[in-house]
file query.txt (compact mmCIF, C-alpha atoms)
# COMPACT_ATOMS: atom_id res chain seq x y z
CA MET A 23 -21.90 14.97 17.42
CA LYS A 24 -21.88 14.17 21.12
CA ALA A 25 -19.95 11.42 22.85
CA SER A 26 -19.59 10.39 26.46
CA ASP A 27 -16.51 9.04 28.14
CA SER A 28 -16.22 5.34 28.92
CA HIS A 29 -17.40 5.94 32.49
CA GLY A 30 -20.69 7.55 31.43
CA GLY A 31 -19.46 11.02 32.36
CA ASP A 32 -20.33 14.37 30.89
CA GLN A 33 -20.84 14.58 27.18
CA ARG A 34 -18.43 16.58 25.06
CA ASP A 35 -18.50 17.89 21.54
CA VAL A 36 -16.38 15.94 19.10
CA ASN A 37 -15.62 16.92 15.55
CA LEU A 38 -15.25 13.56 13.90
CA PRO A 39 -16.40 9.99 14.32
CA HIS A 40 -12.91 8.78 15.24
CA ALA A 41 -13.33 10.40 18.67
CA THR A 42 -16.01 7.91 19.65
CA LYS A 43 -15.47 4.33 20.78
CA ARG A 44 -18.29 2.87 18.70
CA LYS A 45 -17.91 1.19 15.33
CA LEU A 46 -18.11 3.71 12.49
CA THR A 47 -20.66 3.44 9.73
CA GLU A 48 -19.44 3.27 6.16
CA GLU A 49 -20.79 6.80 5.63
CA GLU A 50 -18.76 8.11 8.60
CA LYS A 51 -15.61 6.38 7.38
CA LEU A 52 -16.03 7.94 3.94
CA ARG A 53 -16.78 11.39 5.38
CA TRP A 54 -13.69 11.26 7.58
CA ALA A 55 -11.51 10.02 4.71
CA ARG A 56 -12.72 12.93 2.57
CA ILE A 57 -11.84 15.38 5.36
CA VAL A 58 -8.35 14.00 5.93
CA ALA A 59 -7.30 13.61 2.27
CA PRO A 60 -7.16 17.32 1.36
CA LYS A 61 -5.31 18.06 4.58
CA ILE A 62 -2.68 15.44 3.80
CA ASN A 63 -2.40 16.60 0.20
CA LEU A 64 -1.93 20.17 1.35
CA LEU A 65 0.89 19.04 3.66
CA LEU A 66 2.44 17.20 0.73
CA ASP A 67 2.24 20.37 -1.37
CA VAL A 68 3.83 22.71 1.15
CA ILE A 69 6.16 20.81 3.49
CA PRO A 70 9.16 19.13 1.85
CA ASP A 71 11.13 16.23 3.27
CA GLY A 72 14.50 16.75 4.95
CA SER A 73 16.27 17.08 1.60
CA GLY A 74 13.91 19.77 0.31
CA ARG A 75 12.01 17.47 -2.04
CA PRO A 76 8.35 16.53 -1.84
CA HIS A 77 7.60 13.61 0.46
CA ASN A 78 7.11 10.27 -1.24
CA TYR A 79 5.85 7.02 0.21
CA LYS A 80 9.32 5.98 1.36
CA THR A 81 9.79 9.11 3.50
CA ILE A 82 6.32 8.61 4.95
CA GLU A 83 6.97 4.92 5.65
CA VAL A 84 10.29 5.60 7.39
CA GLY A 85 9.03 8.66 9.25
CA THR A 86 5.87 7.03 10.56
CA LYS A 87 7.81 3.95 11.66
CA GLU A 88 10.15 6.23 13.61
CA ALA A 89 7.07 7.88 15.12
CA GLY A 90 5.82 4.46 16.24
CA HIS A 91 3.17 3.63 13.66
CA TYR A 92 3.66 1.79 10.37
CA VAL A 93 1.71 3.18 7.41
CA SER A 94 1.45 0.71 4.53
CA ARG A 95 1.61 1.79 0.91
CA THR A 96 -2.06 0.83 0.56
CA ARG A 97 -3.16 2.90 3.56
CA TRP A 98 -1.08 5.86 2.32
CA SER A 99 -2.76 5.68 -1.08
CA LEU A 100 -6.21 5.45 0.53
CA LEU A 101 -5.41 8.42 2.79
CA LYS A 102 -4.22 10.63 -0.04
CA ASN A 103 -7.17 9.74 -2.25
CA GLY A 104 -9.93 10.05 0.36
CA LYS A 105 -10.99 6.41 0.10
CA ILE A 106 -13.14 4.80 2.74
CA GLN A 107 -11.29 3.30 5.70
CA GLU A 108 -10.95 3.47 9.45
CA ILE A 109 -8.08 5.79 10.27
CA PRO A 110 -6.47 5.20 13.66
CA ASP A 111 -5.54 8.31 15.63
CA GLU A 112 -2.03 6.87 15.98
CA CYS A 113 -1.67 6.87 12.20
CA LEU A 114 -2.62 10.55 11.94
CA ARG A 115 -0.35 11.46 14.86
CA ALA A 116 2.58 9.70 13.16
CA ILE A 117 1.90 11.45 9.85
CA ALA A 118 1.71 14.81 11.63
CA GLU A 119 5.07 14.08 13.23
CA VAL A 120 6.61 13.34 9.82
CA PHE A 121 5.46 16.75 8.57
CA GLY A 122 6.33 18.49 11.82
CA VAL A 123 2.83 19.85 12.42
CA ASN A 124 0.48 19.73 15.38
CA PRO A 125 -1.50 16.45 15.20
CA GLU A 126 -4.70 18.36 16.00
CA TYR A 127 -4.67 19.57 12.39
CA LEU A 128 -5.28 16.01 11.17
CA LEU A 129 -7.37 14.85 14.13
CA HIS A 130 -10.04 17.56 14.04
CA GLU A 131 -12.16 18.78 11.17
CA ASP A 132 -12.17 22.39 12.28
CA ALA A 133 -8.52 22.64 13.35
CA SER A 134 -6.75 25.72 12.08
CA LEU A 135 -4.01 25.48 9.50
CA PRO A 136 -0.55 24.88 10.92
CA PRO A 137 1.63 28.02 10.74
CA GLU A 138 4.06 26.13 8.48
CA VAL A 139 1.25 25.74 5.97
CA GLU A 140 -0.39 29.14 6.34
CA THR A 141 2.79 31.04 5.47
CA VAL A 142 3.17 29.34 2.08
CA LEU A 143 -0.51 29.05 1.17
CA PRO A 144 -0.46 32.01 -1.26
CA HIS A 145 2.32 30.28 -3.22
CA VAL A 146 0.34 27.03 -3.33
CA ARG A 147 -2.69 28.91 -4.66
CA ILE A 148 -0.63 30.40 -7.48
CA LYS A 149 0.95 27.02 -8.22
CA ARG A 150 -2.43 25.31 -8.47
CA LEU A 151 -3.95 28.05 -10.62
CA SER A 152 -0.91 27.81 -12.93
CA GLU A 153 -1.41 24.05 -13.17
CA VAL A 154 -5.06 24.53 -14.11
CA ARG A 155 -4.02 27.13 -16.69
CA GLY A 156 -1.50 24.72 -18.20
CA PHE A 157 -4.08 21.95 -18.38
CA ALA A 158 -6.62 24.28 -20.04
CA VAL A 159 -4.06 25.37 -22.63
CA LYS A 160 -3.23 21.75 -23.53
CA ALA A 161 -6.86 20.64 -23.60
CA LEU A 162 -8.48 23.56 -25.42
CA THR A 163 -5.89 25.05 -27.80
CA VAL A 164 -7.18 23.24 -30.86
CA VAL A 165 -10.80 22.48 -29.99
CA ALA A 166 -11.99 25.76 -28.44
CA PRO A 167 -9.46 28.57 -28.81
CA GLU A 168 -11.97 31.35 -28.04
CA ARG A 169 -13.05 29.65 -24.82
CA LEU A 170 -9.43 29.03 -23.96
CA ARG A 171 -8.68 32.75 -24.19
CA ALA A 172 -11.56 33.51 -21.81
CA ILE A 173 -10.43 30.86 -19.32
CA VAL A 174 -6.80 31.94 -19.47
CA LYS A 175 -7.81 35.56 -18.90
CA ILE A 176 -9.77 34.60 -15.77
CA LEU A 177 -6.96 32.41 -14.46
CA ASP A 178 -4.32 35.05 -15.16
CA GLU A 179 -6.36 37.61 -13.25
CA ALA A 180 -6.71 35.20 -10.33
CA ILE A 181 -2.96 34.50 -10.34
CA ASP A 182 -2.14 38.22 -10.40
CA SER A 183 -4.53 39.12 -7.58

call {"tool": "encode", "arguments": {"input": "query.txt", "output": "structure tokens"}}
result
Amino acid sequence: MKASDSHGGDQRDVNLPHATKRKLTEEEKLRWARIVAPKINLLLDVIPDGSGRPHNYKTIEVGTKEAGHYVSRTRWSLLKNGKIQEIPDECLRAIAEVFGVNPEYLLHEDASLPPEVETVLPHVRIKRLSEVRGFAVKALTVVAPERLRAIVKILDEAIDS
């Protein structure tokens, strides 16, 4: 997408609709929400709060207020779940500050993973695969034991690799 500055200057490449000054379409709002949600959920998975526990709404509320932008419980829920909304840059900058990551990660679709995230990503992968394995065991033990064995074998191989 191309956008020009407010003075009609040179055009520049922008990654997401939030970088333009025009009103976003509903489709653009939804696309942006679906880009931001997994990024926020990944931060929630890998960066604990100051006490070593996962962030909850209260830590986000307090942290974003300290960073100069209030994030309501409703907005936080919409952000985490990828629901359609306009997301102010200030909101994403405040959230990035809470997690201690470069705001560019949340502001740009193609931004690289923050180093804080990249170092623990292999552990997150194993955690998520283990969660899927646990769900499969609960859901399929009685109704499809032979399929369960096949799924568990695949997941175990993925966890071990």

call {"tool": "axis_aligned_box", "arguments": {"input": "query.txt", "around": "region 112-117 of chain A", "padding_each_side": "3 Å", "output": "JSON"}}
result
{"center_x": 0.0, "center_y": 9.2, "center_z": 12.9, "size_x": 11.2, "size_y": 10.6, "size_z": 12.1}

call {"tool": "closest_residue", "arguments": {"input": "query.txt", "among": "A:Lys61, A:Arg169, A:Arg155, A:Lys149", "to": "Asp132 (chain A)", "atoms": "all atoms listed in the file"}}
result
A:Lys61

call {"tool": "atom_distance", "arguments": {"input": "query.txt", "atom1": "CA of Tyr127 (chain A)", "atom2": "CA of Val84 (chain A)"}}
result
21.1 Å

call {"tool": "closest_residue", "arguments": {"input": "query.txt", "among": "A:Leu100, A:Cys113, A:Ile69, A:Ile62", "to": "Thr86 (chain A)", "atoms": "only C-alpha atoms"}}
result
A:Cys113

call {"tool": "closest_residue", "arguments": {"input": "query.txt", "among": "A:Ser134, A:Leu151, A:Ser183, A:Ala158", "to": "Arg171 (chain A)", "atoms": "all atoms listed in the file"}}
result
A:Ala158

call {"tool": "residues_around", "arguments": {"input": "query.txt", "residues": "Leu143 (chain A)", "least_positions_apart": "5", "cutoff": "12 Å", "atoms": "all atoms listed in the file", "output": "ChimeraX atom specification"}}
result
/A:64-65,67-69,135-138,148-150

call {"tool": "atom_distance", "arguments": {"input": "query.txt", "atom1": "CA of Leu101 (chain A)", "atom2": "CA of Ala55 (chain A)"}}
result
6.6 Å

call {"tool": "residues_around", "arguments": {"input": "query.txt", "residues": "Gly85 (chain A)", "least_positions_apart": "3", "cutoff": "12 Å", "atoms": "all atoms listed in the file", "output": "ChimeraX atom specification"}}
result
/A:71-72,77-82,88-94,113,115-122

call {"tool": "residues_around", "arguments": {"input": "query.txt", "residues": "Gln107 (chain A)", "least_positions_apart": "2", "cutoff": "7 Å", "atoms": "all atoms listed in the file", "output": "PyMOL selection string"}}
result
chain A and resi 51-52+55+105+109

call {"tool": "atom_distance", "arguments": {"input": "query.txt", "atom1": "CA of Lys45 (chain A)", "atom2": "CA of Leu129 (chain A)"}}
result
17.3 Å

call {"tool": "residues_around", "arguments": {"input": "query.txt", "residues": "Leu170 (chain A)", "least_positions_apart": "3", "cutoff": "10 Å", "atoms": "all atoms listed in the file", "output": "ChimeraX atom specification"}}
result
/A:155,158-167,173-176

call {"tool": "closest_residue", "arguments": {"input": "query.txt", "among": "A:Glu83, A:Val58, A:Val154, A:Arg53", "to": "His130 (chain A)", "atoms": "only C-alpha atoms"}}
result
A:Val58

call {"tool": "closest_residue", "arguments": {"input": "query.txt", "among": "A:Glu131, A:Glu153, A:Asp111, A:Val142", "to": "Pro70 (chain A)", "atoms": "only C-alpha atoms"}}
result
A:Val142
